[in-house]
Amino acid sequence: MGKVLFFDVDGTLVNFRGQMPESARAALKKVQENGHQIVLCSGRSRVQIYPWLLELGFDGIVAATGAYVEYGGETVYTHYMSEDEIRRVTMLLDEADACYSAQAKDRMITSAAHRDRQLARFRELADDEMIEQIWQHIELADHLDQYEDIEKLVYYEAKMSVPKIREQLSGLCDVTESSFEEAQDDSGEITCSGVNKALGMQKYIVHTGAAKADTIAFGDGPNDLDMVEYASVGVAMGNAVQALKDRADFVTKHIDEDGIAYALQKLGLI
């Protein structure tokens, strides 16, 4: 059996202008031809992943920072936040005057006011295609604790630091700095305690019968720390946050300098 390669999306396969280097496309095709599996491993929910990216033929998907796992087009693992977890998280985010939304497999859920604040934030950071893909499936609701299929929450513009929110939710949820942009102390993502990309990777390899020793992970942001540490080989992009570079086994070139193709060549996979 070949290697199993897990790729983050934003900042790793696709830059923040919504572009994927042609060298990365060619490299992914070649690595599959060489007998290796390629798996998306993203903080995005399933519905937020670009259709054109899915058309490249990934063997599997780890989405929502590990709360959703898919292999061969079939769902093999899901984890949802409980009513109590959602209520406690949203109460804290309301106290912090943050704007936030919930991610589910097939939609995002948020209030009209929070939607408008988040869209304004995204328009400062991303191109129209990226915004459309992330925000095209929206359900408006003032209370999130009525839902049973929420995988995680993301928030912005909190008047409370990430460490403070993390402290307040300790033992209940994990809080990670936003991976969609350069880390900001007012933005983050919230998952159930212990639910992260490493968990999703573990669920994937157990289901497929792959060995942990054959895993390689590629990432750039704060929510990639656990996946890079869990993998047998962890690769940080040249544009990655310093904390990830410090923990990675190998630091490749910047995403816009053919970083994926360069890493796969150096690792002898293409």
# chains A, B, ... in the order shown; residues from 1 in each chain; ligands from 1
>>> residues_around(residues="A:Asp246", least_positions_apart="6", cutoff="10 Å", atoms="only C-alpha atoms", output="MDAnalysis selection string")
chainID A and resid 225 236 240
>>> residues_around(residues="A:Gly11", least_positions_apart="2", cutoff="8 Å", atoms="only C-alpha atoms", output="NGL selection string")
:A and (8-9 or 13-16 or 180 or 219-221 or 239-240 or 255)
>>> atom_distance(atom1="atom CA of A:Ile260", atom2="atom CA of A:Gln19")
13.4 Å
>>> residues_around(residues="A:Leu54", least_positions_apart="6", cutoff="10 Å", atoms="only C-alpha atoms", output="mmCIF file with all heavy atoms, in the first residue's frame")
data_model
loop_
_atom_site.group_PDB
_atom_site.id
_atom_site.type_symbol
_atom_site.label_atom_id
_atom_site.label_comp_id
_atom_site.auth_asym_id
_atom_site.auth_seq_id
_atom_site.Cartn_x
_atom_site.Cartn_y
_atom_site.Cartn_z
ATOM 1 N N LEU A 40 -8.252 15.423 1.266
ATOM 2 C CA LEU A 40 -8.412 16.795 1.732
ATOM 3 C C LEU A 40 -8.578 16.765 3.248
ATOM 4 O O LEU A 40 -9.268 15.892 3.788
ATOM 5 C CB LEU A 40 -9.634 17.452 1.097
ATOM 6 C CG LEU A 40 -9.542 17.786 -0.395
ATOM 7 C CD1 LEU A 40 -10.885 18.295 -0.911
ATOM 8 C CD2 LEU A 40 -8.453 18.816 -0.648
ATOM 9 N N GLY A 60 -10.406 10.811 -0.353
ATOM 10 C CA GLY A 60 -11.216 11.034 0.825
ATOM 11 C C GLY A 60 -11.215 12.485 1.247
ATOM 12 O O GLY A 60 -10.500 13.315 0.682
ATOM 13 N N ILE A 61 -12.028 12.782 2.254
ATOM 14 C CA ILE A 61 -12.165 14.138 2.769
ATOM 15 C C ILE A 61 -12.254 14.096 4.287
ATOM 16 O O ILE A 61 -13.043 13.312 4.847
ATOM 17 C CB ILE A 61 -13.436 14.828 2.224
ATOM 18 C CG1 ILE A 61 -13.403 14.921 0.698
ATOM 19 C CG2 ILE A 61 -13.595 16.220 2.832
ATOM 20 C CD1 ILE A 61 -14.728 15.372 0.097
#
>>> atom_distance(atom1="atom CA of A:Asp214", atom2="atom CA of A:Asp249")
14.3 Å
>>> atom_distance(atom1="atom CA of A:Ala248", atom2="atom CA of A:Asp10")
17.8 Å
>>> residues_around(residues="stretch 134-142 of chain A", least_positions_apart="3", cutoff="12 Å", atoms="only C-alpha atoms", output="NGL selection string")
:A and (10 or 18 or 43-51 or 87 or 90 or 94 or 99-116 or 118-120 or 122-123 or 126-131 or 145-147 or 180)
>>> select_by_dssp(residues="stretch 85-137 of chain A", states="alpha helix (DSSP H)", output="ChimeraX atom specification")
/A:85-95,112-123,128-135
>>> residues_around(residues="stretch 187-190 of chain A", least_positions_apart="6", cutoff="9 Å", atoms="only C-alpha atoms", output="PyMOL selection string")
chain A and resi 43+89+98+152-158+161-162+166+173-179+223
>>> residues_around(residues="A:His36", least_positions_apart="3", cutoff="6 Å", atoms="only C-alpha atoms", output="compact mmCIF listing (two decimals) with N, CA, C and O atoms, in the first residue's frame")
# COMPACT_ATOMS: atom_id res chain seq x y z
N GLY A 2 0.47 2.27 -0.74
CA GLY A 2 1.25 3.49 -0.81
C GLY A 2 1.01 4.39 0.40
O GLY A 2 0.39 4.01 1.39
N LYS A 3 1.51 5.60 0.31
CA LYS A 3 1.34 6.58 1.37
C LYS A 3 -0.06 7.19 1.32
O LYS A 3 -0.76 7.13 0.30
N VAL A 4 -0.46 7.77 2.44
CA VAL A 4 -1.72 8.50 2.52
C VAL A 4 -1.37 9.95 2.82
O VAL A 4 -0.82 10.25 3.89
N VAL A 31 0.99 11.87 -8.13
CA VAL A 31 1.17 11.11 -6.89
C VAL A 31 0.12 10.00 -6.78
O VAL A 31 0.41 8.92 -6.27
N GLN A 32 -1.08 10.26 -7.28
CA GLN A 32 -2.10 9.20 -7.31
C GLN A 32 -1.72 8.11 -8.30
O GLN A 32 -1.88 6.92 -8.02
>>> residues_around(residues="A:Glu148", least_positions_apart="2", cutoff="10 Å", atoms="only C-alpha atoms", output="NGL selection string")
:A and (80-83 or 86 or 104 or 144-146 or 150-151)
>>> write_last_selection(atoms="N, CA, C and O atoms", output="short mmCIF file (atom, residue, chain, number, x, y, z; two decimals), in the first residue's frame")
data_model
loop_
_atom_site.label_atom_id
_atom_site.label_comp_id
_atom_site.auth_asym_id
_atom_site.auth_seq_id
_atom_site.Cartn_x
_atom_site.Cartn_y
_atom_site.Cartn_z
N TYR A 80 -21.01 15.72 16.20
CA TYR A 80 -21.80 16.94 16.31
C TYR A 80 -21.72 17.52 17.71
O TYR A 80 -21.56 16.79 18.70
N MET A 81 -21.84 18.82 17.80
CA MET A 81 -21.84 19.50 19.09
C MET A 81 -23.19 19.28 19.78
O MET A 81 -24.24 19.26 19.13
N SER A 82 -23.16 19.11 21.09
CA SER A 82 -24.39 18.92 21.85
C SER A 82 -25.11 20.24 22.08
O SER A 82 -24.53 21.33 21.91
N GLU A 83 -26.36 20.15 22.47
CA GLU A 83 -27.15 21.36 22.76
C GLU A 83 -26.48 22.18 23.84
O GLU A 83 -26.40 23.41 23.75
N ILE A 86 -23.28 23.95 22.49
CA ILE A 86 -23.64 25.08 21.63
C ILE A 86 -24.13 26.26 22.47
O ILE A 86 -23.75 27.41 22.25
N ALA A 104 -22.26 23.10 9.31
CA ALA A 104 -22.83 21.76 9.18
C ALA A 104 -22.40 21.24 7.82
O ALA A 104 -21.85 21.98 7.00
N LEU A 144 -28.80 28.81 17.88
CA LEU A 144 -28.16 27.65 17.27
C LEU A 144 -28.37 26.35 18.05
O LEU A 144 -28.21 25.27 17.49
N ASP A 145 -28.76 26.45 19.32
CA ASP A 145 -28.83 25.24 20.13
C ASP A 145 -30.01 24.33 19.77
O ASP A 145 -30.16 23.24 20.33
N GLN A 146 -30.82 24.76 18.81
CA GLN A 146 -31.93 23.92 18.35
C GLN A 146 -31.47 22.89 17.32
O GLN A 146 -32.20 21.96 16.99
N ILE A 150 -24.62 20.38 14.03
CA ILE A 150 -23.55 21.39 13.98
C ILE A 150 -22.21 20.72 14.29
O ILE A 150 -22.04 20.05 15.29
N GLU A 151 -21.26 20.94 13.39
CA GLU A 151 -19.94 20.32 13.52
C GLU A 151 -18.95 21.20 14.28
O GLU A 151 -18.14 20.71 15.06
#
>>> closest_residue(among="A:Ala96, A:Ala64, A:Val228, A:Leu264", to="A:Cys192", atoms="only C-alpha atoms")
A:Ala64
>>> select_by_dssp(residues="stretch 68-262 of chain A", states="strand (DSSP E)", output="number ranges by chain")
A: 68-71, 74-78, 99-104, 107-110, 138-140, 152-156, 173-177, 188-192, 215-219, 233-236, 250-251
>>> write_last_selection(atoms="C-alpha atoms", output="mmCIF file, in the first residue's frame")
data_model
loop_
_atom_site.group_PDB
_atom_site.id
_atom_site.type_symbol
_atom_site.label_atom_id
_atom_site.label_comp_id
_atom_site.auth_asym_id
_atom_site.auth_seq_id
_atom_site.Cartn_x
_atom_site.Cartn_y
_atom_site.Cartn_z
ATOM 1 C CA TYR A 68 -16.580 14.868 9.254
ATOM 2 C CA VAL A 69 -14.742 12.096 7.399
ATOM 3 C CA GLU A 70 -15.523 10.677 3.983
ATOM 4 C CA TYR A 71 -13.934 7.892 1.933
ATOM 5 C CA GLU A 74 -19.315 7.702 1.616
ATOM 6 C CA THR A 75 -19.463 9.260 5.085
ATOM 7 C CA VAL A 76 -17.495 7.160 7.570
ATOM 8 C CA TYR A 77 -17.469 9.439 10.644
ATOM 9 C CA THR A 78 -19.336 12.460 12.008
ATOM 10 C CA CYS A 99 -19.978 37.591 15.150
ATOM 11 C CA TYR A 100 -20.176 33.855 14.555
ATOM 12 C CA SER A 101 -21.657 31.056 12.512
ATOM 13 C CA ALA A 102 -22.070 27.305 12.776
ATOM 14 C CA GLN A 103 -20.844 24.813 10.213
ATOM 15 C CA ALA A 104 -22.831 21.764 9.179
ATOM 16 C CA ARG A 107 -24.892 24.618 5.090
ATOM 17 C CA MET A 108 -23.793 27.383 7.405
ATOM 18 C CA ILE A 109 -26.137 28.646 10.102
ATOM 19 C CA THR A 110 -26.031 32.169 11.475
ATOM 20 C CA ILE A 138 -26.864 29.857 4.460
ATOM 21 C CA GLU A 139 -29.634 29.180 6.922
ATOM 22 C CA LEU A 140 -30.618 32.093 9.130
ATOM 23 C CA LYS A 152 -18.101 23.432 14.728
ATOM 24 C CA LEU A 153 -18.368 27.200 15.140
ATOM 25 C CA VAL A 154 -16.226 29.975 13.722
ATOM 26 C CA TYR A 155 -16.139 33.515 15.088
ATOM 27 C CA TYR A 156 -14.678 36.933 14.316
ATOM 28 C CA CYS A 173 -14.273 22.791 23.626
ATOM 29 C CA ASP A 174 -11.017 23.427 21.817
ATOM 30 C CA VAL A 175 -10.386 26.950 20.540
ATOM 31 C CA THR A 176 -7.894 27.623 17.738
ATOM 32 C CA GLU A 177 -6.841 30.882 16.116
ATOM 33 C CA GLY A 188 -11.008 31.636 15.912
ATOM 34 C CA GLU A 189 -12.739 28.317 15.444
ATOM 35 C CA ILE A 190 -14.350 26.189 18.116
ATOM 36 C CA THR A 191 -14.678 22.410 18.050
ATOM 37 C CA CYS A 192 -15.661 19.851 20.660
ATOM 38 C CA THR A 215 0.778 9.203 6.625
ATOM 39 C CA ILE A 216 2.074 12.565 5.442
ATOM 40 C CA ALA A 217 0.337 15.870 6.259
ATOM 41 C CA PHE A 218 0.657 19.266 4.577
ATOM 42 C CA GLY A 219 -0.533 22.485 6.233
ATOM 43 C CA VAL A 233 5.868 13.118 8.203
ATOM 44 C CA GLY A 234 4.604 16.659 8.732
ATOM 45 C CA VAL A 235 5.168 19.279 6.038
ATOM 46 C CA ALA A 236 4.731 23.019 6.610
ATOM 47 C CA PHE A 250 10.055 19.507 6.570
ATOM 48 C CA VAL A 251 9.360 23.074 5.448
#
>>> closest_residue(among="A:Leu93, A:Ala198, A:Ala211, A:Ala24", to="A:Glu229", atoms="only C-alpha atoms")
A:Ala198
